[in-house]
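Containing mmCIF, C-alpha atoms: my_file-v3.cif.
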```cif
data_data
loop_
_atom_site.label_atom_id
_atom_site.label_comp_id
_atom_site.auth_asym_id
_atom_site.auth_seq_id
_atom_site.Cartn_x
_atom_site.Cartn_y
_atom_site.Cartn_z
CA MET L 1 -44.67 84.38 -101.44
CA ASN L 2 -47.44 83.36 -103.82
CA ASN L 3 -46.05 83.75 -107.34
CA VAL L 4 -43.64 80.98 -108.31
CA LEU L 5 -41.71 80.43 -111.53
CA ILE L 6 -40.42 76.91 -112.20
CA ILE L 7 -37.62 76.67 -114.79
CA GLU L 8 -37.30 72.93 -115.42
CA ASP L 9 -37.00 70.81 -118.59
CA GLU L 10 -38.14 67.50 -117.08
CA ARG L 11 -41.83 67.75 -117.93
CA ASN L 12 -43.16 65.17 -115.48
CA PHE L 13 -41.10 66.53 -112.60
CA ALA L 14 -42.09 70.13 -113.38
CA ARG L 15 -45.76 69.13 -113.56
CA PHE L 16 -45.53 67.31 -110.23
CA VAL L 17 -44.01 70.33 -108.47
CA GLU L 18 -46.48 72.68 -110.17
CA LEU L 19 -49.49 70.67 -109.00
CA GLU L 20 -48.15 70.34 -105.46
CA LEU L 21 -47.52 74.09 -105.21
CA LYS L 22 -50.92 74.95 -106.65
CA HIS L 23 -52.49 72.63 -104.10
CA GLU L 24 -50.76 74.73 -101.43
CA GLY L 25 -52.24 77.92 -102.86
CA TYR L 26 -49.37 79.18 -105.02
CA GLU L 27 -49.72 80.77 -108.46
CA VAL L 28 -47.28 78.88 -110.69
CA GLN L 29 -45.84 79.22 -114.19
CA VAL L 30 -43.38 76.83 -115.86
CA ALA L 31 -40.61 77.38 -118.41
CA ALA L 32 -38.93 74.38 -120.06
CA ASP L 33 -35.57 75.86 -121.08
CA GLY L 34 -33.03 78.48 -120.04
CA PRO L 35 -33.85 81.29 -122.52
CA SER L 36 -37.62 81.13 -122.02
CA GLY L 37 -37.13 80.90 -118.26
CA LEU L 38 -34.97 84.01 -118.31
CA ARG L 39 -37.59 85.86 -120.36
CA LYS L 40 -40.35 84.90 -117.92
CA ALA L 41 -38.15 85.95 -115.01
CA GLN L 42 -37.76 89.38 -116.63
CA GLU L 43 -41.41 89.82 -117.56
CA SER L 44 -43.05 89.44 -114.14
CA ASP L 45 -42.46 89.99 -110.44
CA TRP L 46 -41.89 86.61 -108.81
CA ASP L 47 -41.80 85.77 -105.13
CA VAL L 48 -39.49 82.82 -105.73
CA ILE L 49 -37.90 81.06 -108.71
CA LEU L 50 -37.23 77.30 -108.70
CA LEU L 51 -34.37 76.75 -111.12
CA ASP L 52 -32.89 73.55 -112.53
CA VAL L 53 -29.19 73.45 -113.45
CA MET L 54 -29.23 71.18 -116.52
CA LEU L 55 -31.36 73.18 -118.97
CA PRO L 56 -31.41 73.31 -122.78
CA GLY L 57 -30.36 76.57 -124.40
CA MET L 58 -28.70 78.05 -121.32
CA ASP L 59 -27.68 76.28 -118.13
CA GLY L 60 -29.15 77.19 -114.76
CA PHE L 61 -25.95 78.80 -113.48
CA GLU L 62 -26.00 81.34 -116.32
CA VAL L 63 -29.74 81.91 -115.93
CA CYS L 64 -29.20 82.51 -112.22
CA ARG L 65 -26.36 84.96 -112.87
CA ARG L 66 -28.41 86.96 -115.35
CA ILE L 67 -31.46 87.07 -113.10
CA ARG L 68 -29.33 88.19 -110.19
CA ASP L 69 -27.89 91.04 -112.28
CA MET L 70 -31.35 92.57 -112.49
CA SER L 71 -33.26 91.30 -109.47
CA ALA L 72 -32.97 90.15 -105.85
CA VAL L 73 -35.81 87.62 -106.29
CA PRO L 74 -35.17 84.50 -104.16
CA ILE L 75 -33.84 81.59 -106.22
CA ILE L 76 -33.80 77.95 -105.15
CA MET L 77 -31.79 75.66 -107.41
CA LEU L 78 -33.25 72.17 -107.88
CA THR L 79 -30.89 69.66 -109.43
CA ALA L 80 -29.53 66.13 -109.43
CA ARG L 81 -26.02 67.62 -109.39
CA ASP L 82 -25.33 67.70 -105.67
CA SER L 83 -21.53 67.83 -105.37
CA VAL L 84 -20.01 70.47 -103.11
CA ALA L 85 -18.56 72.22 -106.18
CA ASP L 86 -22.00 72.43 -107.81
CA ARG L 87 -23.61 73.77 -104.64
CA VAL L 88 -20.87 76.37 -104.24
CA ASN L 89 -21.26 77.37 -107.91
CA GLY L 90 -25.00 77.80 -107.51
CA LEU L 91 -24.60 79.94 -104.41
CA ASP L 92 -21.77 81.94 -105.97
CA PHE L 93 -23.95 82.74 -108.99
CA GLY L 94 -26.55 84.19 -106.62
CA ALA L 95 -28.87 81.35 -105.61
CA ASP L 96 -30.42 81.59 -102.15
CA ASP L 97 -30.70 77.86 -101.59
CA TYR L 98 -29.77 74.59 -103.29
CA LEU L 99 -31.96 71.49 -103.01
CA PRO L 100 -30.68 68.23 -104.56
CA LYS L 101 -33.09 65.86 -106.31
CA PRO L 102 -34.87 63.75 -105.30
CA PHE L 103 -36.48 65.64 -102.45
CA ALA L 104 -39.70 65.58 -100.49
CA ILE L 105 -42.14 68.34 -101.45
CA GLU L 106 -42.46 69.12 -97.72
CA GLU L 107 -38.78 70.07 -97.62
CA LEU L 108 -39.16 72.36 -100.63
CA LEU L 109 -42.13 74.07 -98.98
CA ALA L 110 -40.19 74.46 -95.75
CA ARG L 111 -37.27 76.05 -97.57
CA MET L 112 -39.61 78.43 -99.37
CA ARG L 113 -41.09 79.44 -96.01
CA ALA L 114 -37.59 79.92 -94.57
CA ILE L 115 -36.62 82.21 -97.44
CA LYS L 116 -39.81 84.21 -96.92
CA ARG L 117 -38.93 84.69 -93.24
CA ARG L 118 -35.44 85.88 -94.14
CA THR L 119 -36.55 88.26 -96.88
CA THR L 120 -39.74 89.69 -95.35
CA PRO L 121 -39.26 92.07 -92.39
CA ALA L 122 -41.52 91.43 -89.43
CA ALA L 123 -44.35 93.93 -89.13
CA ASP L 124 -43.07 95.23 -85.82
CA SER L 125 -39.35 95.04 -86.61
CA ASP L 126 -37.16 98.11 -86.24
CA GLU L 127 -35.67 98.81 -89.65
CA ALA L 128 -33.15 101.25 -88.22
CA MET L 129 -29.90 101.88 -90.04
CA LEU L 130 -26.99 99.69 -88.97
CA ALA L 131 -23.74 101.60 -88.51
CA PHE L 132 -20.16 100.67 -87.70
CA ARG L 133 -17.21 103.01 -88.19
CA ASP L 134 -17.69 104.40 -91.72
CA LEU L 135 -20.08 101.63 -92.81
CA ARG L 136 -23.83 102.16 -93.12
CA LEU L 137 -26.39 99.43 -93.86
CA ASN L 138 -30.07 100.14 -94.52
CA PRO L 139 -32.17 96.97 -94.03
CA ALA L 140 -35.31 98.60 -95.45
CA SER L 141 -33.77 99.54 -98.80
CA ARG L 142 -31.09 96.82 -98.61
CA THR L 143 -28.37 99.30 -99.49
CA ALA L 144 -24.85 99.58 -98.11
CA ALA L 145 -22.32 102.40 -98.13
CA LYS L 146 -18.76 102.97 -96.97
CA ASP L 147 -17.71 106.54 -96.24
CA GLY L 148 -20.78 107.68 -98.15
CA LYS L 149 -20.02 105.62 -101.27
CA SER L 150 -22.37 102.84 -102.31
CA ILE L 151 -21.15 99.24 -101.98
CA PRO L 152 -22.64 96.78 -104.52
CA LEU L 153 -23.57 93.65 -102.58
CA THR L 154 -25.40 90.52 -103.65
CA LYS L 155 -28.33 89.45 -101.50
CA ARG L 156 -26.21 86.86 -99.68
CA GLU L 157 -23.35 89.30 -99.11
CA PHE L 158 -25.77 91.89 -97.73
CA ASP L 159 -27.32 89.37 -95.33
CA LEU L 160 -23.88 88.27 -94.12
CA LEU L 161 -22.71 91.84 -93.52
CA ALA L 162 -25.98 92.61 -91.72
CA VAL L 163 -25.36 89.71 -89.30
CA PHE L 164 -21.88 91.02 -88.53
CA MET L 165 -23.09 94.61 -88.07
CA SER L 166 -25.86 93.41 -85.74
CA ASN L 167 -23.29 91.57 -83.59
CA ILE L 168 -20.40 93.99 -83.15
CA ASN L 169 -17.60 92.55 -80.95
CA ARG L 170 -19.37 89.19 -80.77
CA ILE L 171 -17.45 86.17 -82.08
CA LEU L 172 -19.61 84.27 -84.56
CA THR L 173 -18.88 80.66 -85.45
CA ARG L 174 -19.18 79.44 -89.03
CA ASP L 175 -22.18 77.31 -88.02
CA CYS L 176 -23.86 80.37 -86.49
CA LEU L 177 -23.29 82.38 -89.67
CA LEU L 178 -24.48 79.49 -91.82
CA ASP L 179 -27.74 79.23 -89.84
CA SER L 180 -28.29 82.99 -89.82
CA VAL L 181 -27.66 83.64 -93.51
CA TRP L 182 -28.40 80.36 -95.31
CA GLY L 183 -30.99 79.04 -92.87
CA VAL L 184 -31.05 76.27 -90.29
CA GLY L 185 -30.59 72.89 -91.95
CA ALA L 186 -29.37 74.33 -95.26
CA ASP L 187 -27.52 71.74 -97.33
CA VAL L 188 -24.37 73.88 -97.52
CA GLU L 189 -20.84 73.22 -96.29
CA THR L 190 -19.41 75.62 -93.68
CA ASN L 191 -16.52 76.49 -96.01
CA VAL L 192 -19.03 78.46 -98.08
CA VAL L 193 -19.04 80.95 -95.18
CA ASP L 194 -15.31 81.51 -95.71
CA VAL L 195 -15.91 82.14 -99.40
CA TYR L 196 -18.55 84.79 -98.72
CA VAL L 197 -16.57 86.44 -95.96
CA ARG L 198 -13.79 86.84 -98.53
CA TYR L 199 -16.25 88.35 -101.00
CA VAL L 200 -17.48 90.88 -98.44
CA ARG L 201 -13.94 91.74 -97.35
CA ASN L 202 -12.95 92.40 -100.94
CA LYS L 203 -15.88 94.74 -101.48
CA LEU L 204 -15.07 96.59 -98.25
CA GLY L 205 -11.39 96.85 -99.19
CA ASP L 206 -10.81 94.87 -96.01
CA SER L 207 -7.92 92.77 -94.74
CA ALA L 208 -8.01 89.73 -92.49
CA GLU L 209 -5.60 91.19 -89.95
CA ASP L 210 -6.88 94.65 -89.03
CA GLY L 211 -10.01 95.17 -91.13
CA TYR L 212 -13.69 95.26 -90.28
CA ILE L 213 -14.10 91.47 -90.18
CA GLN L 214 -11.38 89.64 -88.32
CA THR L 215 -10.66 85.92 -88.25
CA VAL L 216 -10.72 84.13 -84.90
CA ARG L 217 -8.64 81.05 -85.57
CA GLY L 218 -10.39 77.78 -84.94
CA ILE L 219 -13.70 79.49 -84.14
CA GLY L 220 -15.01 81.88 -86.78
CA TYR L 221 -15.14 85.64 -87.29
CA VAL L 222 -15.79 88.88 -85.43
CA MET L 223 -16.48 92.46 -86.47
CA ARG L 224 -14.70 94.85 -84.12
#
```
Using structure tokens, write down the structure that the file contains.
Amino acid sequence: MNNVLIIEDERNFARFVELELKHEGYEVQVAADGPSGLRKAQESDWDVILLDVMLPGMDGFEVCRRIRDMSAVPIIMLTARDSVADRVNGLDFGADDYLPKPFAIEELLARMRAIKRRTTPAADSDEAMLAFRDLRLNPASRTAAKDGKSIPLTKREFDLLAVFMSNINRILTRDCLLDSVWGVGADVETNVVDVYVRYVRNKLGDSAEDGYIQTVRGIGYVMR
């Protein structure tokens, strides 16, 4: 994860983050508004994009949505807007993480490393197909299918379904799912898990009662 795009209109803040990342060995480019940031995101292959919410020309949520339509590049939203609603919006639009300002650069670096661990398979990992009933999940190509028909999943939805399909018949708490998909220590409320379980159920044509993912009241969820 060496190529970083910063989309941020606060010049001094962007310069600070740029210098810190370059000091750590990253290659960094900066865009100061939404439209130019989107263009840069489309023009190159990035390992991670650091995206502000309050941008001139096009807000960060829309930039995130458009990037996610064309790419699975990891996106970390950096913003002073840290309400639960804003964090949920950022994640719903496809962000991988959400870091409120102000923050310590060490935390940003740690979150970037965590995303790299989640998105880069270990060299000796077994990338075998995951299967359950008529569902098939390919971790190597990050594709999913039901009864032979492709299922369009966002990166977060894919990761969530992969956790369930790797733990058939095992009850998973919301905290466990949060740590597995969003990362340990992620600044995200556990109710976001419920939102994404609903998204995945909808794409599977699932139901809460007798579908693939079942609710265990007061605990979490189970795939069985």
> Closest to Ile213 in chain L among L:Asn89, L:Asn3, L:Asn169, L:Ser71, using only C-alpha atoms?
Replying inline: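 Ranked by minimum distance to Ile213 in chain L, first place goes to L:Asn169.
For the structure shown here, the set of residues caught by the PyMOL selection byres ((chain L and resi 33) around 8) is Ile7, Glu8, Asp9, Ala31, Ala32, Gly34, Pro35, Ser36, Gly37, Leu55, Pro56, Gly57 and Met58 of chain L.
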>> Could you check the closest approach to Glu157 in chain L for each of L:Phe132, L:Tyr199, L:Trp182, L:Phe61 and tell me which residue wins, using all atoms listed in the file?
In response: L:Tyr199
> Quick one, how far is CA of Thr154 in chain L from CA of Arg224 in chain L?
Replying inline: 22.7 Å
> Of the residues L:Val28, L:Glu10, L:Phe16, L:Ile67, which is the one nearest to Asp52 in chain L, using all atoms listed in the file?
Replying inline: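 Ranking L:Val28, L:Glu10, L:Phe16, L:Ile67 by distance to Asp52 in chain L, first place goes to L:Glu10.
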>> If I take CA of Leu137 in chain L and CA of Ile171 in chain L, how far is one from the other in Å, to one decimal?
In response: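 So the answer is 19.9 Å.
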>> I'd like the interatomic distance between CA of Asn12 in chain L and CA of Val30 in chain L, to a tenth of an Å.
In response: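 CA of Val30 in chain L lies at a distance of 11.7 Å from CA of Asn12 in chain L.
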> Skipping near chain neighbours, those fewer than 4 positions away, what residues fall within 10 Å of Leu50 in chain L using all atoms listed in the file, listed as a PyMOL selection string?
Replying inline: chain L and resi 4-8+14+17+30+74-79+95+97-99+108+112
Can you spit out the residues from that selection as a PDB file, in the coordinates of the input, using C-alpha atoms?
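Contents of part.pdb, as written:
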```pdb
ATOM      1  CA  VAL L   4     -43.640  80.980-108.310  1.00  0.00           C
ATOM      2  CA  LEU L   5     -41.710  80.430-111.530  1.00  0.00           C
ATOM      3  CA  ILE L   6     -40.420  76.910-112.200  1.00  0.00           C
ATOM      4  CA  ILE L   7     -37.620  76.670-114.790  1.00  0.00           C
ATOM      5  CA  GLU L   8     -37.300  72.930-115.420  1.00  0.00           C
ATOM      6  CA  ALA L  14     -42.090  70.130-113.380  1.00  0.00           C
ATOM      7  CA  VAL L  17     -44.010  70.330-108.470  1.00  0.00           C
ATOM      8  CA  VAL L  30     -43.380  76.830-115.860  1.00  0.00           C
ATOM      9  CA  PRO L  74     -35.170  84.500-104.160  1.00  0.00           C
ATOM     10  CA  ILE L  75     -33.840  81.590-106.220  1.00  0.00           C
ATOM     11  CA  ILE L  76     -33.800  77.950-105.150  1.00  0.00           C
ATOM     12  CA  MET L  77     -31.790  75.660-107.410  1.00  0.00           C
ATOM     13  CA  LEU L  78     -33.250  72.170-107.880  1.00  0.00           C
ATOM     14  CA  THR L  79     -30.890  69.660-109.430  1.00  0.00           C
ATOM     15  CA  ALA L  95     -28.870  81.350-105.610  1.00  0.00           C
ATOM     16  CA  ASP L  97     -30.700  77.860-101.590  1.00  0.00           C
ATOM     17  CA  TYR L  98     -29.770  74.590-103.290  1.00  0.00           C
ATOM     18  CA  LEU L  99     -31.960  71.490-103.010  1.00  0.00           C
ATOM     19  CA  LEU L 108     -39.160  72.360-100.630  1.00  0.00           C
ATOM     20  CA  MET L 112     -39.610  78.430 -99.370  1.00  0.00           C
TER      21      MET L 112
END
```
Selection result for the PyMOL selection byres ((chain L and resi 170) around 12) on this file, as a PDB file with C-alpha atoms, in the coordinates of the input:
```
ATOM      1  CA  VAL L 163     -25.360  89.710 -89.300  1.00  0.00           C
ATOM      2  CA  PHE L 164     -21.880  91.020 -88.530  1.00  0.00           C
ATOM      3  CA  MET L 165     -23.090  94.610 -88.070  1.00  0.00           C
ATOM      4  CA  SER L 166     -25.860  93.410 -85.740  1.00  0.00           C
ATOM      5  CA  ASN L 167     -23.290  91.570 -83.590  1.00  0.00           C
ATOM      6  CA  ILE L 168     -20.400  93.990 -83.150  1.00  0.00           C
ATOM      7  CA  ASN L 169     -17.600  92.550 -80.950  1.00  0.00           C
ATOM      8  CA  ILE L 171     -17.450  86.170 -82.080  1.00  0.00           C
ATOM      9  CA  LEU L 172     -19.610  84.270 -84.560  1.00  0.00           C
ATOM     10  CA  THR L 173     -18.880  80.660 -85.450  1.00  0.00           C
ATOM     11  CA  CYS L 176     -23.860  80.370 -86.490  1.00  0.00           C
ATOM     12  CA  LEU L 177     -23.290  82.380 -89.670  1.00  0.00           C
ATOM     13  CA  ILE L 213     -14.100  91.470 -90.180  1.00  0.00           C
ATOM     14  CA  GLN L 214     -11.380  89.640 -88.320  1.00  0.00           C
ATOM     15  CA  THR L 215     -10.660  85.920 -88.250  1.00  0.00           C
ATOM     16  CA  VAL L 216     -10.720  84.130 -84.900  1.00  0.00           C
ATOM     17  CA  ILE L 219     -13.700  79.490 -84.140  1.00  0.00           C
ATOM     18  CA  GLY L 220     -15.010  81.880 -86.780  1.00  0.00           C
ATOM     19  CA  TYR L 221     -15.140  85.640 -87.290  1.00  0.00           C
ATOM     20  CA  VAL L 222     -15.790  88.880 -85.430  1.00  0.00           C
ATOM     21  CA  MET L 223     -16.480  92.460 -86.470  1.00  0.00           C
ATOM     22  CA  ARG L 224     -14.700  94.850 -84.120  1.00  0.00           C
TER      23      ARG L 224
END
```
> Near Val88 in chain L, counting only C-alpha atoms, which residues have an atom at most 10 Å away, once you skip same-chain residues fewer than 3 positions from it, shown as a VMD selection string?
Replying inline: chain L and resid 82 to 85 91 to 95 98 188 to 189 191 to 192 195
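Nearest to Met54 in chain L of all the residues L:Met70, L:Ala41, L:Leu130, L:Ala80 is L:Ala80, based on all atoms listed in the file.
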> Can you list what the PyMOL selection byres ((chain L and resi 148) around 12) grabs from this structure, as number ranges by chain?
Replying inline: L: 131, 133-137, 143-147, 149-151
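Nearest to Ala110 in chain L of all the residues L:Pro139, L:Gly60, L:Pro152, L:Gly183 is L:Gly183, based on all atoms listed in the file.
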> Nearest to Leu21 in chain L: which of L:Asp206, L:Asn2, L:Asp47, L:Arg87 is it, counting all atoms listed in the file?
Replying inline: L:Asn2
> Which polymer residues have any atom within 12 Å of an atom of Ala72 in chain L, counting all atoms listed in the file, with same-chain residues fewer than 3 positions away left out, as a VMD selection string?
Replying inline: chain L and resid 41 to 42 45 to 49 64 to 69 75 94 to 96 119 141 to 142 153 to 159
